[in-house]
$ cat my_file33.txt   # compact mmCIF, C-alpha atoms
# COMPACT_ATOMS: atom_id res chain seq x y z
CA SER A 48 0.00 0.00 0.00
CA TYR A 49 1.07 3.53 -0.73
CA VAL A 50 0.79 6.40 1.69
CA LEU A 51 0.14 9.73 0.04
CA SER A 52 0.80 12.74 2.17
CA THR A 53 1.26 16.44 1.85
CA SER A 54 3.49 18.38 4.16
CA ILE A 55 1.94 21.72 5.12
CA ARG A 56 3.52 24.17 7.48
CA LEU A 57 1.43 27.23 8.16
CA PHE A 58 2.35 29.87 10.70
CA VAL A 59 -0.19 32.61 11.32
CA ASN A 60 0.40 35.64 13.51
CA LYS A 61 -2.55 37.91 14.12
CA ILE A 62 -3.08 40.91 16.32
CA GLU A 63 -6.16 43.08 16.69
CA PHE A 64 -6.91 45.89 19.08
CA VAL A 65 -10.27 47.62 19.68
CA HIS A 66 -9.97 51.17 20.95
CA GLN A 67 -12.83 53.51 21.89
CA TRP A 68 -12.16 57.20 21.48
CA ARG A 69 -15.14 59.44 22.15
CA GLN A 70 -17.83 58.20 19.74
CA LEU A 71 -15.37 56.38 17.46
CA THR A 72 -14.38 52.73 17.53
CA ILE A 73 -10.91 52.25 16.04
CA ILE A 74 -9.73 48.75 15.19
CA PRO A 75 -6.14 48.35 13.91
CA ARG A 76 -5.20 44.84 12.74
CA PHE A 77 -2.15 42.99 11.47
CA LYS A 78 -2.00 39.46 10.12
CA SER A 79 1.05 37.60 8.88
CA GLU A 80 0.97 34.19 7.24
CA LEU A 81 3.97 32.02 6.33
CA LEU A 82 3.15 28.98 4.19
CA ARG A 83 5.34 26.04 3.17
CA LEU A 84 3.57 23.35 1.17
CA THR A 85 5.19 20.16 -0.11
CA PRO A 86 2.67 18.17 -2.19
CA PHE A 87 2.65 14.38 -2.27
CA SER A 88 3.04 14.33 -6.06
CA ARG A 89 6.34 15.24 -7.68
CA ASP A 90 4.36 16.65 -10.59
CA LEU A 91 3.06 19.45 -8.36
CA GLU A 92 5.24 22.37 -7.35
CA LYS A 93 6.25 23.18 -3.81
CA ARG A 94 4.89 26.47 -2.50
CA ARG A 95 6.47 28.93 -0.12
CA SER A 96 4.98 32.33 0.50
CA TRP A 97 4.59 35.14 2.99
CA ASP A 98 1.41 37.21 3.16
CA GLY A 99 1.04 40.27 5.38
CA VAL A 100 -2.06 42.42 5.87
CA LEU A 101 -2.22 45.70 7.81
CA ALA A 102 -5.69 47.19 8.26
CA VAL A 103 -7.55 49.90 10.15
CA GLN A 104 -11.31 50.10 10.57
CA ILE A 105 -13.12 53.11 12.03
CA GLU A 106 -16.76 52.92 13.09
CA ILE A 107 -18.78 56.10 13.57
CA PRO A 108 -22.30 56.05 15.07
CA LEU A 109 -24.91 57.90 13.03
CA LEU A 110 -28.33 58.66 14.49
CA HIS A 111 -29.72 56.00 16.84
CA LEU A 112 -29.34 52.64 15.05
CA SER A 113 -27.08 53.48 12.11
CA ARG A 114 -23.33 53.58 11.73
CA ILE A 115 -20.70 54.32 9.14
CA ARG A 116 -17.61 52.13 8.80
CA LEU A 117 -14.46 53.28 7.07
CA GLY A 118 -11.76 50.78 6.24
CA TRP A 119 -8.21 50.78 4.86
CA GLU A 120 -6.16 47.67 4.16
CA GLN A 121 -2.61 47.24 2.85
CA ARG A 122 -1.49 43.79 1.71
CA LEU A 123 1.97 42.53 0.75
CA PHE A 124 2.45 39.07 -0.76
CA ARG A 125 5.84 37.50 -1.41
CA ASP A 126 6.22 34.27 -3.37
CA ALA A 127 9.36 32.70 -1.89
CA ARG A 128 9.61 29.57 -4.09
CA ILE A 129 11.45 31.31 -6.93
CA ALA A 130 14.02 34.07 -6.59
CA ASP A 131 13.18 37.21 -8.55
CA ASN A 132 16.37 36.87 -10.64
CA GLU A 133 15.20 33.41 -11.83
CA VAL A 134 12.13 34.93 -13.52
CA ALA A 135 12.48 35.97 -17.17
CA ARG A 136 12.69 39.69 -17.84
CA GLY A 137 9.28 41.24 -18.33
CA GLN A 138 7.47 38.41 -16.47
CA ARG A 139 5.59 38.53 -13.16
CA THR A 140 7.66 37.51 -10.13
CA GLY A 141 4.66 36.31 -8.10
CA ASP A 142 4.96 39.19 -5.64
CA PHE A 143 2.23 41.80 -5.34
CA ALA A 144 0.95 44.63 -3.18
CA GLY A 145 -2.62 45.79 -2.79
CA THR A 146 -4.56 48.58 -1.15
CA SER A 147 -8.29 48.61 -0.39
CA LEU A 148 -10.48 51.46 0.78
CA ALA A 149 -14.10 50.96 1.81
CA VAL A 150 -17.06 52.90 3.19
CA GLN A 151 -20.19 51.16 4.50
CA LEU A 152 -23.44 52.48 5.93
CA SER A 153 -25.28 50.01 8.24
CA ASN A 154 -28.77 50.37 9.63
CA VAL A 155 -30.69 48.00 11.95
CA ARG A 156 -34.45 48.36 12.42
CA ASP A 157 -37.24 46.29 13.95
CA TYR A 158 -39.70 44.97 11.36
CA LEU A 159 -42.56 42.54 12.15
CA GLY A 160 -40.62 40.85 14.96
CA TYR A 161 -37.36 40.69 12.99
CA ALA A 162 -34.19 42.72 13.15
CA LEU A 163 -33.84 44.03 9.59
CA THR A 164 -30.26 44.98 8.68
CA THR A 165 -29.43 47.05 5.62
CA GLN A 166 -25.86 47.64 4.46
CA ALA A 167 -24.75 49.80 1.54
CA GLY A 168 -21.26 50.76 0.54
CA ILE A 169 -18.41 51.02 -1.89
CA ARG A 170 -14.96 49.41 -2.01
CA ILE A 171 -12.04 50.39 -4.22
CA ASP A 172 -9.08 48.03 -4.69
CA ARG A 173 -5.72 48.72 -6.27
CA ARG A 174 -3.21 45.94 -6.97
CA SER A 175 0.31 46.11 -8.25
CA PHE A 176 1.98 42.92 -9.54
CA GLU A 177 5.76 43.02 -9.65
CA ILE A 178 7.37 42.63 -13.09
CA ARG A 179 11.07 41.77 -13.32
CA ASP A 180 13.04 44.66 -14.79
CA GLY A 181 9.92 46.52 -15.86
CA ASP A 182 7.01 48.62 -14.77
CA ASP A 183 4.64 46.89 -12.37
CA ASP A 184 1.34 45.60 -13.74
CA ARG A 185 -1.24 47.76 -11.94
CA GLY A 186 -5.00 47.50 -11.84
CA THR A 187 -7.88 49.17 -10.07
CA SER A 188 -11.33 47.74 -9.42
CA GLY A 189 -14.40 48.84 -7.54
CA LEU A 190 -17.46 47.31 -5.98
CA VAL A 191 -20.75 48.90 -4.96
CA PHE A 192 -23.05 46.79 -2.79
CA LEU A 193 -26.43 46.77 -1.10
CA THR A 194 -27.51 43.93 1.19
CA MET A 195 -30.58 43.39 3.35
CA PHE A 196 -31.18 40.53 5.74
CA ALA A 197 -33.50 39.72 8.62
CA ALA A 198 -32.83 37.86 11.85
CA LEU A 199 -35.15 36.80 14.63
CA ARG A 200 -35.23 39.18 17.57
CA ASP A 201 -34.22 37.87 20.99

$ encode --input "my_file33.txt" --output "structure tokens"
Amino acid sequence: SYVLSTSIRLFVNKIEFVHQWRQLTIIPRFKSELLRLTPFSRDLEKRRSWDGVLAVQIEIPLLHLSRIRLGWEQRLFRDARIADNEVARGQRTGDFAGTSLAVQLSNVRDYLGYALTTQAGIRIDRRSFEIRDGDDDRGTSGLVFLTMFAALRD
């Protein structure tokens, strides 16, 4: 009989702090993830990467049951399986950086025995993929959303 196994080493460091300042709730966060993956098949590539995310969220009360949330996130990803000088000129190295900004309006109201929650907002993302010996490949995207859901009241 054959034993197929995959060796995965994942180290995650995460820190989050909630701070109240007057009417504001400020939540800074940092998360770091180191991954080493050795697949059971020799046909599959090994993976080694580091991923770091720094974020800040600010919550502002608005009226009685509404609030505005502002968010900023900076992400750095490093693909450690191949050195940058081993990548052909003009090709992606596997490393990238990204920034996200978001604004969300949340409102909770009672409706026929349910707690009705409405959320509306916008998020803008910018990513920059590293190109060896060239200009980075940059892109911007956006998302507008509206969600409504109901939950039973206690």

$ residues_around --input "my_file33.txt" --residues "Phe77 of chain A" --least-positions-apart "3" --cutoff "9 Å" --atoms "only C-alpha atoms" --output "ChimeraX atom specification"
/A:60-63,99-103

$ closest_residue --input "my_file33.txt" --among "A:Ala162, A:Val155, A:Ile178, A:Val59" --to "Gly141 of chain A" --atoms "all atoms listed in the file"
A:Ile178

$ residues_near_point --input "my_file33.txt" --point "(5.1, 46.5, -10.8)" --cutoff "10 Å" --atoms "all atoms listed in the file" --output "PyMOL selection string"
chain A and resi 139-140+142-144+174-185

$ closest_residue --input "my_file33.txt" --among "A:Thr85, A:Gln121, A:Gln138, A:Ser113" --to "Thr164 of chain A" --atoms "all atoms listed in the file"
A:Ser113

$ closest_residue --input "my_file33.txt" --among "A:Asp90, A:Glu80, A:Glu106, A:Glu133" --to "Leu152 of chain A" --atoms "only C-alpha atoms"
A:Glu106

$ closest_residue --input "my_file33.txt" --among "A:Val65, A:Val134, A:Leu112, A:Leu117" --to "Ser153 of chain A" --atoms "only C-alpha atoms"
A:Leu112

$ closest_residue --input "my_file33.txt" --among "A:Leu110, A:Leu81, A:Ala197, A:Val191" --to "Tyr161 of chain A" --atoms "only C-alpha atoms"
A:Ala197

$ atom_distance --input "my_file33.txt" --atom1 "atom CA of Val150 of chain A" --atom2 "atom CA of Ile169 of chain A"
5.6 Å

$ closest_residue --input "my_file33.txt" --among "A:Ser96, A:Asn154, A:Ala127, A:Gln67" --to "Leu109 of chain A" --atoms "all atoms listed in the file"
A:Asn154

$ atom_distance --input "my_file33.txt" --atom1 "atom CA of Gly168 of chain A" --atom2 "atom CA of Leu193 of chain A"
6.7 Å

$ atom_distance --input "my_file33.txt" --atom1 "atom CA of Leu71 of chain A" --atom2 "atom CA of Arg170 of chain A"
20.7 Å
